[in-house]
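Asker: Got a structure for you, written out below as structure tokens; questions coming shortly.
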Amino acid sequence: MLQDKKVIIIGDRDGIPGPAIEECVKTAGADVVFASTECFV
Amino acid sequence: MTTPIVKGAAYVLVHTPDMVMHYGTTCSAEHDANPNSEFLKKVPSHLRNYEEAVKYAPNQVYIGNMLPDELNNIPKPWYKNLIADAKVEGKMGAMVPQDEFYIAMKLCDAFDLVMLEKDFTDSTKAKMSKIPYYTEDEFAKVKEGFDAADIEKKVAEGAEPLHFNGNLVGCVKAAHASDKNLTAHIMVENIVSKASGVIALKNLIHVNNIPADSIEYVIECSEEACGDMNQRGGGNFAKAIAEVAGAVSATGSDTRGFCAAPTHALINAAALVKSGVYKNVAIVAGGATAKLGMNGRDHVNKDLPILEDCLGAFAILISEDDGVSPVLRTDIVGRHTVGTGSAPQAVMESLITKPLDRSGLKITDIDKYSVEMQNPEITEPAGAGDVPLANYKMIAALGAKRGDIDRTYMATFIKEHGMPGFAPTQGHIPSGVPFVGAAREMIMDGKINRAMIVGKGSLFLGRMTNLFDGVSIVMEKNPGKVEEIGAVSKEEIKGMVAETMKEFAAFLLNGK
């Protein structure tokens, strides 16, 4: 599903942080163009 | 070596609806970008009055009049189901209205930057005369106010306005003509943080009947920075707060670490007491104007009141063992290290299970976990979810994975070992520490034996690192045995007796 797709990641400090999502989607062949973790509180 | 204990805690909320519009970043950024926006027009009609803020159940929990679990018995939405007999005075602190807070800002104004209108000053001072944690001498220091025209002139020249019920009643001037770190806006943020911290420390001293001069060290742990253009963030809020609160024997320093700072401060204070460097260490933090109305856009869109209308502040005293108050287990401390990584499981292991494992404890041996205690009624409408619940789910999942609890027990674990969020979204304020006072009460009442205080911080917001941070420490029932410093142990007595017997035998044998 994510093979060769460009992906923008916004992680959540109290959920799944950006770097963790990045590692997962990379294994599915995604091209991560931006990843960060945000704090919503 | 003594054991550090939690001697007392104080929690203060300052209701500042007029500051939401001018100093909260959501409204002020909107004002800069789109001054005639529909959102800004709607804000005033969504602001609560003081009475509504006082009667709001999460606020009553924060100042200690209710335990967090009691929120489970109040139907949601809490903003519609107010507490009829709510009190301004809390068992562990107080609610403070905006006009009284402006006087407190003036009390904290060491450089004559705060100007308050004459009639406003007189009437508000008179109203405050019965507040037990202020003295007549302090009120005498609040000089006669200014003419409204003088304040209007200063605001036109760049001073930041102070409104009350929509009327201009004062302003805060810049502390330097050109220094970007001493602008009027930064001075408002810092004086607000200092003043709310002072009220919290005064409450800690008053509510717990602590001699102010017994406090030897203050650790301030807010998220503001004070300094001029040559040392932005030089500090020291701690000593400035101690000065106004009358802690004449104290020095202090500031600890920073985003939302994790208060728990870092708690651990540092416990270590200073445990090592014998100081007998009484207070940790304190005031509130942040920037976060007022942070989720206001969503609250307005969903026709809720703007619930982020209060500044939060707290103060906690860590002292030498009194044989009664809950102890801080400096040997059960968790920390998210540089090498921990960002995977949620690794984060929770570093903060929760690793310190427990080192002491042979299970996840279920902690009766209550205090995590990020943000009030979900504030965060859910904005799409940020129920933050405490998300944390409890991760702890429960970790427990199930380790075999500490059965998977079917997870929901019960969350209910029993967690609690509803109740703290204002004031950054450092909701992280771990809001429950320290309630935990102290519950432990001393025999309702629980142990609580873990967990602080987490979003370091990446400072753009210095992508790292996250967090620390944790366990509070526990006092075993009741005060270890006397300098007391002679049983082994030492045996040694002394043996030495004396030896000398006596030598005397008998040698005759000398």
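Identifiers in this document derive from the order of the structure tokens: chains are assigned A, B, ..., residues are numbered from 1 separately in each chain, and ligands are numbered from 1 in order of occurrence.
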Could you please tell me, as a PDB file with C-alpha atoms, in the first residue's frame, which residues of chain A have an atom within 8 Å of chain B when using only C-alpha atoms?
Answerer:
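Okay, this is what ended up in out39.pdb:
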ATOM      1  CA  ARG A  13       3.982  12.820  21.868  1.00  0.00           C
ATOM      2  CA  ASP A  14       1.350  10.930  23.883  1.00  0.00           C
ATOM      3  CA  GLY A  15       0.532   8.494  21.088  1.00  0.00           C
ATOM      4  CA  ILE A  16       2.938   7.187  18.454  1.00  0.00           C
ATOM      5  CA  PRO A  17       5.955   9.487  17.959  1.00  0.00           C
ATOM      6  CA  PRO A  19      10.384   8.452  14.376  1.00  0.00           C
ATOM      7  CA  ALA A  20       8.526   5.261  15.378  1.00  0.00           C
ATOM      8  CA  THR A  37       6.461  14.669  16.565  1.00  0.00           C
ATOM      9  CA  GLU A  38       4.067  17.274  17.879  1.00  0.00           C
ATOM     10  CA  CYS A  39       2.796  18.005  21.343  1.00  0.00           C
ATOM     11  CA  PHE A  40      -0.938  18.715  21.366  1.00  0.00           C
ATOM     12  CA  VAL A  41      -1.142  19.707  24.998  1.00  0.00           C
TER      13      VAL A  41
END
Asker: Chain A: which residues are strand (DSSP E or B) by DSSP, as a CSV table (one decimal) with N, CA and C atoms, in the first residue's frame?
Answerer:
chain,number,residue,atom,x,y,z
A,6,LYS,N,5.0,8.8,-1.3
A,6,LYS,CA,5.7,9.9,-0.5
A,6,LYS,C,4.8,10.1,0.7
A,7,VAL,N,5.4,10.1,1.9
A,7,VAL,CA,4.7,10.1,3.1
A,7,VAL,C,5.1,11.3,4.0
A,8,ILE,N,4.1,12.0,4.5
A,8,ILE,CA,4.3,13.0,5.6
A,8,ILE,C,3.8,12.5,6.9
A,9,ILE,N,4.7,12.5,7.9
A,9,ILE,CA,4.3,11.9,9.2
A,9,ILE,C,4.2,13.0,10.3
A,10,ILE,N,3.1,13.1,11.0
A,10,ILE,CA,3.0,13.9,12.2
A,10,ILE,C,2.7,13.0,13.3
A,11,GLY,N,3.7,12.7,14.2
A,11,GLY,CA,3.5,11.9,15.3
A,11,GLY,C,2.9,12.6,16.5
A,12,ASP,N,2.5,11.9,17.5
A,12,ASP,CA,1.9,12.5,18.7
A,12,ASP,C,2.7,12.1,19.9
A,31,ASP,N,8.5,6.5,0.9
A,31,ASP,CA,9.5,7.5,0.9
A,31,ASP,C,9.1,8.6,1.9
A,32,VAL,N,9.7,8.7,3.0
A,32,VAL,CA,9.3,9.7,4.0
A,32,VAL,C,9.9,11.1,3.7
A,33,VAL,N,9.1,12.0,3.3
A,33,VAL,CA,9.6,13.3,3.0
A,33,VAL,C,9.6,14.3,4.2
A,34,PHE,N,8.8,14.0,5.2
A,34,PHE,CA,8.8,14.8,6.4
A,34,PHE,C,8.2,14.0,7.5
A,35,ALA,N,8.9,14.1,8.7
A,35,ALA,CA,8.4,13.4,9.9
A,35,ALA,C,8.7,14.3,11.1
A,36,SER,N,7.8,14.5,11.9
A,36,SER,CA,8.0,15.2,13.2
A,36,SER,C,7.0,14.7,14.2
A,37,THR,N,7.4,15.0,15.5
A,37,THR,CA,6.5,14.7,16.6
A,37,THR,C,5.9,16.0,17.1
A,38,GLU,N,4.7,16.1,17.3
A,38,GLU,CA,4.1,17.3,17.9
A,38,GLU,C,3.5,17.0,19.2
Asker: May I ask for the distance between atom CA of B:Glu52 and atom CA of B:Leu82, given in Å to one decimal place?
Answerer: 7.4 Å
Asker: Just the number, please: distance in Å from atom CA of B:Asp109 to atom CA of B:Ile191, one decimal.
Answerer: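 Between atom CA of B:Asp109 and atom CA of B:Ile191 the gap is 7.1 Å.
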Asker: Interatomic distance between atom CA of B:Ile332 and atom CA of B:Val371?
Answerer: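 Taking atom CA of B:Ile332 as the start and atom CA of B:Val371 as the end point, the length is 16.0 Å.
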